[in-house]
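Data from input-v2.cif: mmCIF, C-alpha atoms
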data_final
loop_
_atom_site.label_atom_id
_atom_site.label_comp_id
_atom_site.auth_asym_id
_atom_site.auth_seq_id
_atom_site.Cartn_x
_atom_site.Cartn_y
_atom_site.Cartn_z
CA MET A 1 22.26 4.68 15.30
CA THR A 2 19.07 3.05 14.19
CA SER A 3 19.19 -0.11 12.20
CA GLN A 4 17.97 1.79 9.19
CA GLU A 5 20.84 4.21 9.40
CA ILE A 6 23.29 1.38 9.65
CA LYS A 7 21.81 -0.19 6.60
CA LYS A 8 22.07 3.06 4.70
CA ASN A 9 25.70 3.45 5.69
CA GLU A 10 26.49 -0.02 4.54
CA GLN A 11 24.86 0.64 1.25
CA SER A 12 26.78 3.81 0.64
CA GLU A 13 29.97 1.97 1.47
CA VAL A 14 29.16 -0.59 -1.18
CA ALA A 15 28.24 2.10 -3.65
CA ARG A 16 31.50 3.90 -3.07
CA ARG A 17 33.46 0.76 -3.74
CA ASP A 18 31.62 0.20 -6.95
CA SER A 19 32.10 3.68 -8.29
CA SER A 20 35.83 3.65 -7.73
CA ALA A 21 36.09 0.14 -9.07
CA ARG A 22 39.28 0.55 -11.00
CA ASP A 23 41.79 -2.17 -10.38
CA THR A 24 45.29 -1.19 -9.50
CA TYR A 25 48.36 -3.27 -9.94
CA LEU A 26 51.81 -3.18 -8.50
CA PRO A 27 54.34 -2.26 -11.14
CA ARG A 28 57.48 -4.38 -11.12
CA ALA A 29 60.34 -2.47 -9.59
CA ASP A 30 64.10 -2.53 -9.30
CA ILE A 31 65.71 -0.68 -6.42
CA ARG A 32 69.38 0.10 -6.54
CA GLU A 33 71.75 2.19 -4.57
CA THR A 34 74.61 4.27 -5.87
CA PRO A 35 76.98 6.27 -3.67
CA GLU A 36 74.89 9.41 -4.22
CA ASP A 37 71.33 8.22 -4.43
CA ILE A 38 68.70 5.51 -4.49
CA ARG A 39 67.18 4.72 -7.87
CA LEU A 40 63.83 3.16 -8.41
CA VAL A 41 63.09 1.75 -11.83
CA LEU A 42 59.51 0.72 -12.50
CA ASP A 43 57.94 -1.05 -15.44
CA MET A 44 54.77 0.86 -16.19
CA PRO A 45 53.80 0.08 -19.78
CA GLY A 46 51.11 2.36 -21.16
CA VAL A 47 51.90 5.26 -18.88
CA ASP A 48 53.35 8.55 -20.07
CA SER A 49 54.77 11.42 -18.07
CA GLU A 50 51.41 13.20 -17.93
CA SER A 51 49.56 10.30 -16.40
CA ILE A 52 51.95 9.70 -13.53
CA ASP A 53 51.44 11.09 -10.05
CA ILE A 54 54.26 10.92 -7.57
CA ASN A 55 53.59 12.02 -4.03
CA VAL A 56 55.79 12.14 -0.99
CA GLU A 57 54.15 12.31 2.36
CA ARG A 58 56.46 12.14 5.33
CA ASN A 59 58.43 8.99 4.60
CA THR A 60 56.15 7.41 2.03
CA LEU A 61 56.64 7.77 -1.68
CA ALA A 62 53.50 6.90 -3.59
CA ILE A 63 53.47 6.37 -7.35
CA HIS A 64 50.26 6.23 -9.29
CA GLY A 65 50.09 5.75 -13.04
CA GLU A 66 46.89 5.99 -14.98
CA ILE A 67 46.31 3.73 -17.95
CA LYS A 68 44.10 4.74 -20.78
CA SER A 69 43.41 1.82 -23.01
CA ASP A 70 42.12 2.66 -26.45
CA VAL A 71 42.13 -0.65 -28.23
CA ASN A 72 38.81 -1.29 -29.82
CA GLY A 73 37.82 -4.82 -30.46
CA LYS A 74 36.57 -7.85 -28.66
CA LEU A 75 39.07 -9.27 -26.19
CA LEU A 76 39.97 -12.83 -27.14
CA TYR A 77 42.93 -13.55 -24.95
CA ALA A 78 44.38 -11.56 -22.07
CA GLU A 79 47.55 -11.63 -20.05
CA HIS A 80 47.57 -8.01 -19.07
CA ARG A 81 44.43 -6.52 -17.70
CA ASP A 82 43.10 -3.01 -17.63
CA GLY A 83 44.00 -1.12 -14.53
CA ASP A 84 46.16 1.55 -13.07
CA PHE A 85 49.52 1.14 -11.45
CA TYR A 86 50.04 1.98 -7.82
CA ARG A 87 52.88 1.33 -5.46
CA GLU A 88 54.17 2.81 -2.25
CA PHE A 89 57.71 2.84 -0.99
CA THR A 90 58.89 3.68 2.50
CA LEU A 91 61.81 6.04 2.47
CA SER A 92 64.61 6.08 4.95
CA GLN A 93 65.31 9.17 7.03
CA ASP A 94 68.68 9.42 5.33
CA LEU A 95 67.19 10.46 2.01
CA ASP A 96 66.64 13.98 0.83
CA THR A 97 63.00 13.94 -0.20
CA SER A 98 63.04 17.55 -1.35
CA ARG A 99 65.21 16.80 -4.38
CA ILE A 100 63.53 13.75 -5.88
CA GLU A 101 63.68 13.57 -9.64
CA ALA A 102 61.69 11.38 -11.99
CA ALA A 103 61.76 10.62 -15.68
CA CYS A 104 59.49 8.47 -17.78
CA LYS A 105 60.40 6.98 -21.13
CA ASN A 106 58.99 4.09 -23.15
CA GLY A 107 56.87 2.96 -20.24
CA ILE A 108 59.68 2.92 -17.72
CA LEU A 109 59.68 5.29 -14.79
CA GLU A 110 62.95 6.10 -13.14
CA VAL A 111 62.92 7.91 -9.81
CA THR A 112 66.13 9.23 -8.31
CA ILE A 113 66.14 10.00 -4.61
CA PRO A 114 69.34 11.70 -3.47
CA LYS A 115 70.89 10.80 -0.15
CA ALA A 116 71.11 13.52 2.43
CA GLU A 117 74.50 15.24 2.43
CA GLU A 118 75.43 13.98 5.86
CA VAL A 119 75.12 10.29 4.95
CA LYS A 120 77.07 10.37 1.70
CA PRO A 121 80.36 8.54 1.88
CA ARG A 122 83.20 10.86 2.75
CA LYS A 123 86.87 10.40 2.61
CA ILE A 124 88.69 11.49 5.71
CA LYS A 125 92.09 12.94 5.28
CA ILE A 126 94.72 11.90 7.71
CA ASN A 127 96.90 14.68 8.90
CA SER A 128 100.47 13.80 9.47
CA MET B 1 62.90 -18.98 -20.45
CA LEU B 2 65.85 -17.48 -18.77
CA LEU B 3 63.43 -15.82 -16.43
CA SER B 4 61.56 -18.89 -15.30
CA LYS B 5 64.79 -20.48 -14.20
CA ARG B 6 65.20 -17.90 -11.53
CA THR B 7 61.85 -18.73 -10.00
CA PRO B 8 61.21 -22.40 -10.56
CA PHE B 9 58.13 -22.25 -8.35
CA TRP B 10 56.24 -19.59 -10.23
CA ASP B 11 53.08 -21.67 -10.25
CA PHE B 12 53.11 -21.83 -6.47
CA GLU B 13 53.73 -18.14 -6.42
CA LYS B 14 50.79 -17.61 -8.71
CA ALA B 15 48.50 -19.74 -6.56
CA PHE B 16 49.66 -17.84 -3.53
CA ASN B 17 49.05 -14.53 -5.25
CA ASP B 18 45.59 -15.58 -6.26
CA MET B 19 44.81 -16.58 -2.71
CA THR B 20 46.14 -13.34 -1.34
CA LYS B 21 43.95 -11.52 -3.79
CA MET B 22 40.90 -13.42 -2.59
CA PHE B 23 41.41 -12.41 1.00
CA GLU B 24 42.51 -8.91 0.32
CA ALA B 25 40.24 -6.00 1.01
CA PHE B 26 38.51 -4.52 -2.00
CA GLU B 27 40.63 -1.45 -1.91
CA GLY B 28 44.34 -1.26 -2.33
CA PRO B 29 46.44 -2.54 -5.15
CA LEU B 30 46.25 -6.10 -6.32
CA SER B 31 49.48 -7.94 -6.47
CA ILE B 32 51.77 -7.84 -9.43
CA ARG B 33 49.76 -9.15 -12.33
CA SER B 34 49.80 -12.84 -11.90
CA MET B 35 51.30 -14.45 -14.90
CA PRO B 36 54.06 -16.93 -15.11
CA ARG B 37 57.40 -15.19 -14.90
CA GLY B 38 58.62 -16.91 -18.04
CA THR B 39 56.02 -15.34 -20.27
CA PHE B 40 57.45 -12.02 -21.19
CA PRO B 41 56.08 -9.91 -22.77
CA ALA B 42 52.47 -10.16 -21.65
CA ILE B 43 50.19 -10.31 -24.66
CA ASN B 44 46.55 -9.49 -25.27
CA ILE B 45 44.69 -10.36 -28.43
CA TYR B 46 41.64 -8.50 -29.66
CA ASP B 47 39.36 -8.99 -32.58
CA ASN B 48 37.55 -6.27 -34.39
CA ASP B 49 35.86 -7.46 -37.52
CA SER B 50 38.42 -6.33 -40.04
CA ALA B 51 41.60 -7.15 -38.12
CA ILE B 52 43.21 -9.06 -35.29
CA LEU B 53 44.96 -6.77 -32.82
CA LEU B 54 47.76 -7.80 -30.55
CA THR B 55 49.16 -5.71 -27.72
CA ALA B 56 52.35 -6.61 -25.87
CA GLU B 57 53.77 -4.89 -22.82
CA ILE B 58 57.46 -4.43 -23.54
CA PRO B 59 58.60 -1.33 -21.67
CA GLY B 60 62.02 0.13 -22.28
CA LEU B 61 62.88 -0.85 -25.81
CA LYS B 62 63.62 1.16 -28.89
CA PRO B 63 61.16 0.48 -31.70
CA GLU B 64 63.99 -0.58 -33.99
CA ASP B 65 65.14 -3.21 -31.50
CA ILE B 66 61.89 -5.12 -31.60
CA ASP B 67 61.98 -8.01 -34.02
CA LEU B 68 58.46 -8.76 -35.13
CA THR B 69 57.57 -11.53 -37.54
CA VAL B 70 54.05 -12.24 -38.70
CA VAL B 71 53.15 -15.25 -40.79
CA GLU B 72 49.68 -16.33 -41.74
CA ASN B 73 48.57 -17.52 -38.36
CA SER B 74 51.27 -16.73 -35.87
CA VAL B 75 53.23 -13.82 -34.50
CA THR B 76 56.75 -13.90 -33.11
CA ILE B 77 58.21 -11.13 -31.00
CA ARG B 78 61.90 -11.13 -30.23
CA GLY B 79 64.12 -8.68 -28.49
CA SER B 80 66.34 -8.06 -25.56
CA ARG B 81 65.88 -5.96 -22.49
CA GLN B 82 69.05 -4.72 -20.93
CA ASP B 83 69.51 -2.13 -18.30
CA SER B 84 72.38 0.25 -18.38
CA ASN B 85 74.44 -2.20 -16.47
CA GLY B 86 75.53 -0.86 -13.19
CA ASN B 87 79.06 -0.34 -12.10
CA GLU B 88 80.60 -1.83 -9.02
CA ASN B 89 79.47 0.98 -6.79
CA GLU B 90 75.87 0.03 -7.27
CA LYS B 91 73.98 -2.35 -5.11
CA TYR B 92 70.61 -3.91 -5.89
CA TYR B 93 68.01 -4.25 -3.18
CA ARG B 94 65.30 -5.56 -5.38
CA ARG B 95 65.11 -6.89 -8.93
CA GLU B 96 61.66 -7.73 -10.12
CA ARG B 97 61.88 -6.57 -13.70
CA PRO B 98 62.62 -9.29 -16.20
CA GLN B 99 65.87 -8.77 -18.06
CA GLY B 100 67.55 -10.40 -20.98
CA GLU B 101 66.42 -11.85 -24.22
CA PHE B 102 62.87 -12.81 -24.91
CA ASN B 103 61.28 -14.70 -27.73
CA ARG B 104 57.60 -15.41 -27.86
CA THR B 105 55.38 -16.91 -30.50
CA VAL B 106 51.63 -16.88 -30.29
CA SER B 107 49.21 -18.41 -32.70
CA LEU B 108 46.34 -16.36 -33.98
CA PRO B 109 42.69 -17.32 -33.99
CA GLU B 110 42.22 -16.30 -37.63
CA LYS B 111 44.34 -16.11 -40.73
CA VAL B 112 45.82 -12.70 -41.37
CA ASN B 113 47.43 -11.05 -44.32
CA PRO B 114 51.12 -10.65 -43.41
CA GLU B 115 51.61 -8.05 -46.16
CA ALA B 116 49.20 -5.62 -44.57
CA VAL B 117 50.41 -5.74 -40.97
CA THR B 118 51.17 -2.49 -39.20
CA ALA B 119 52.79 -2.06 -35.81
CA GLU B 120 53.19 0.82 -33.40
CA TYR B 121 55.24 1.17 -30.25
CA LYS B 122 54.13 3.73 -27.71
CA ASN B 123 54.87 4.13 -24.01
CA GLY B 124 56.21 0.62 -23.83
CA ILE B 125 53.27 -1.06 -25.48
CA LEU B 126 53.57 -2.66 -28.87
CA THR B 127 50.33 -2.75 -30.84
CA VAL B 128 50.20 -4.91 -33.94
CA THR B 129 47.27 -4.56 -36.32
CA MET B 130 46.84 -7.54 -38.58
CA PRO B 131 44.08 -7.31 -41.17
CA ARG B 132 42.26 -10.53 -41.74
CA VAL B 133 42.42 -12.35 -45.02
CA GLU B 134 39.70 -10.75 -47.05
CA LYS B 135 37.60 -13.79 -47.75
CA ASP B 136 37.51 -14.57 -44.02
CA GLN B 137 36.10 -11.23 -43.03
CA PRO B 138 32.53 -11.31 -41.83
CA ARG B 139 30.11 -10.19 -44.50
CA LYS B 140 26.73 -8.73 -44.06
CA ILE B 141 24.14 -10.40 -46.19
CA THR B 142 21.12 -8.42 -47.07
CA VAL B 143 17.84 -10.20 -47.16
CA ASN B 144 15.81 -9.31 -50.20
CA ASN B 145 12.14 -8.93 -50.23
CA SER B 146 10.72 -11.31 -52.72
#
Can you give me the file's structure in the form of structure tokens?
Amino acid sequence: MTSQEIKKNEQSEVARRDSSARDTYLPRADIRETPEDIRLVLDMPGVDSESIDINVERNTLAIHGEIKSDVNGKLLYAEHRDGDFYREFTLSQDLDTSRIEAACKNGILEVTIPKAEEVKPRKIKINS
Amino acid sequence: MLLSKRTPFWDFEKAFNDMTKMFEAFEGPLSIRSMPRGTFPAINIYDNDSAILLTAEIPGLKPEDIDLTVVENSVTIRGSRQDSNGNENEKYYRRERPQGEFNRTVSLPEKVNPEAVTAEYKNGILTVTMPRVEKDQPRKITVNNS
């Protein structure tokens, strides 16, 4: 690779970063376990069910929420900044990733991941 | 303030977060928005010439459960965030979301007319539009040709 090519590559790298320059933030999450499933609850204010993307790839659950801010005015004071939400979770092998359900209401996303049948608690009958 | 008790070292946490952010690659998510844990909800204030706008991130409430008070130069937001409290069979692995009562008052940069305030709650964001007092609104003055 000539030095010119290297330079060009570096530039394109920089350009790519700039064009996709949308900040992402980790949404706050609660994780809780019930006998049947694992529930994730995420605070994602400003997101509705259309702007959420949930992807499962092997054992990673990725949640992306797009924020569209439409406030017009000059910003005087800010505690929350513009940006999308993104967070990944690693799933255990004991979960049934084919039956994941999600619901979004009032800016809260709730994802329910059922446990695989074979790991659910079972009562064993004792035969006399 | 209930929330800050749980993490008395939030300022250290914030400094740490900021440092992590500095060294982090450009890509990938930033950390959880760094603000002191005690300040819930997070508030932004905007100014367009006719009104002061306030947005607050309060996911998971019903509009009727938000107690909003506006006086001439300050806004108070009160409410309570409660999860459907789990039964004994449930086990928490992680609790990052602030719970419980909150009460926040912010002062406004300009005087507003409390009679004309409107508020909207959508997707967990409360937007309050507070028209400025009329005599304080910026006026355009035309220059006459003499």
Run the PyMOL selection byres ((chain B) within 7 of (chain A)) mentally over the shown coordinates, then write out the matched residues as a tab-separated table (two decimals) with C-alpha atoms, in the frame of the given file, using the chain letters and numbers from the document.
chain	number	residue	atom	x	y	z
B	29	PRO	CA	46.44	-2.54	-5.15
B	30	LEU	CA	46.25	-6.10	-6.32
B	31	SER	CA	49.48	-7.94	-6.47
B	32	ILE	CA	51.77	-7.84	-9.43
B	33	ARG	CA	49.76	-9.15	-12.33
B	35	MET	CA	51.30	-14.45	-14.90
B	42	ALA	CA	52.47	-10.16	-21.65
B	43	ILE	CA	50.19	-10.31	-24.66
B	44	ASN	CA	46.55	-9.49	-25.27
B	45	ILE	CA	44.69	-10.36	-28.43
B	46	TYR	CA	41.64	-8.50	-29.66
B	47	ASP	CA	39.36	-8.99	-32.58
B	48	ASN	CA	37.55	-6.27	-34.39
B	57	GLU	CA	53.77	-4.89	-22.82
B	58	ILE	CA	57.46	-4.43	-23.54
B	59	PRO	CA	58.60	-1.33	-21.67
B	60	GLY	CA	62.02	0.13	-22.28
B	61	LEU	CA	62.88	-0.85	-25.81
B	89	ASN	CA	79.47	0.98	-6.79
B	90	GLU	CA	75.87	0.03	-7.27
B	91	LYS	CA	73.98	-2.35	-5.11
B	92	TYR	CA	70.61	-3.91	-5.89
B	93	TYR	CA	68.01	-4.25	-3.18
B	94	ARG	CA	65.30	-5.56	-5.38
B	95	ARG	CA	65.11	-6.89	-8.93
B	96	GLU	CA	61.66	-7.73	-10.12
B	97	ARG	CA	61.88	-6.57	-13.70
B	122	LYS	CA	54.13	3.73	-27.71
B	123	ASN	CA	54.87	4.13	-24.01
B	124	GLY	CA	56.21	0.62	-23.83
B	125	ILE	CA	53.27	-1.06	-25.48
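For the pair CA of Ala116 in chain A and CA of Ser98 in chain A, the separation is 9.8 Å.
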Expressed in Å to a single decimal, how great is the separation between CA of Ile54 in chain A and CA of Asp82 in chain A?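 Interatomic distance here is 20.5 Å.
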Nearest to Leu61 in chain A: which of A:Thr90, A:Val119, A:Pro114, A:Ala103 is it, counting all atoms listed in the file?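 Nearest to Leu61 in chain A: A:Thr90.
Here CA of Val112 in chain B stands at a distance of 23.3 Å from CA of Phe40 in chain B.
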Which polymer residues, protein or nucleic acid, are no farther than 6 Å from (51.3, -16.1, -42.1), counting only C-alpha atoms, as a list in words?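 The residues near that point, listed by chain and number, are Val70, Val71, Glu72, Asn73 and Pro114 of chain B.
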Residues at most 9 Å from Thr76 in chain B, counting only C-alpha atoms, excluding those fewer than 6 positions away in the same chain, as a ChimeraX atom specification? /B:67-70,103-107
I need the output of the PyMOL selection byres ((chain A and resi 91) around 9) for this file as a PyMOL selection string; which residues are they? chain A and resi 58-61+89-90+92-95+97
Residues within 12 Å of (63.3, -4.9, -34.6), file coordinates, counting only C-alpha atoms: what are they? Give the list as a PyMOL selection string. chain B and resi 61-69+76-80+119-121+126
Around range 113-128 of chain A, with edges along x, y and z and 4 Å added on all six sides, what centre and edge lengths do you get, in Å to one decimal, as lines of an AutoDock Vina configuration file?
center_x = 83.3
center_y = 11.9
center_z = 2.4
size_x = 42.3
size_y = 14.7
size_z = 22.1
Applying the PyMOL selection byres ((chain B and resi 52) around 7) to the file I just gave you, which residues come out? Please list them as a count of residues only. 10
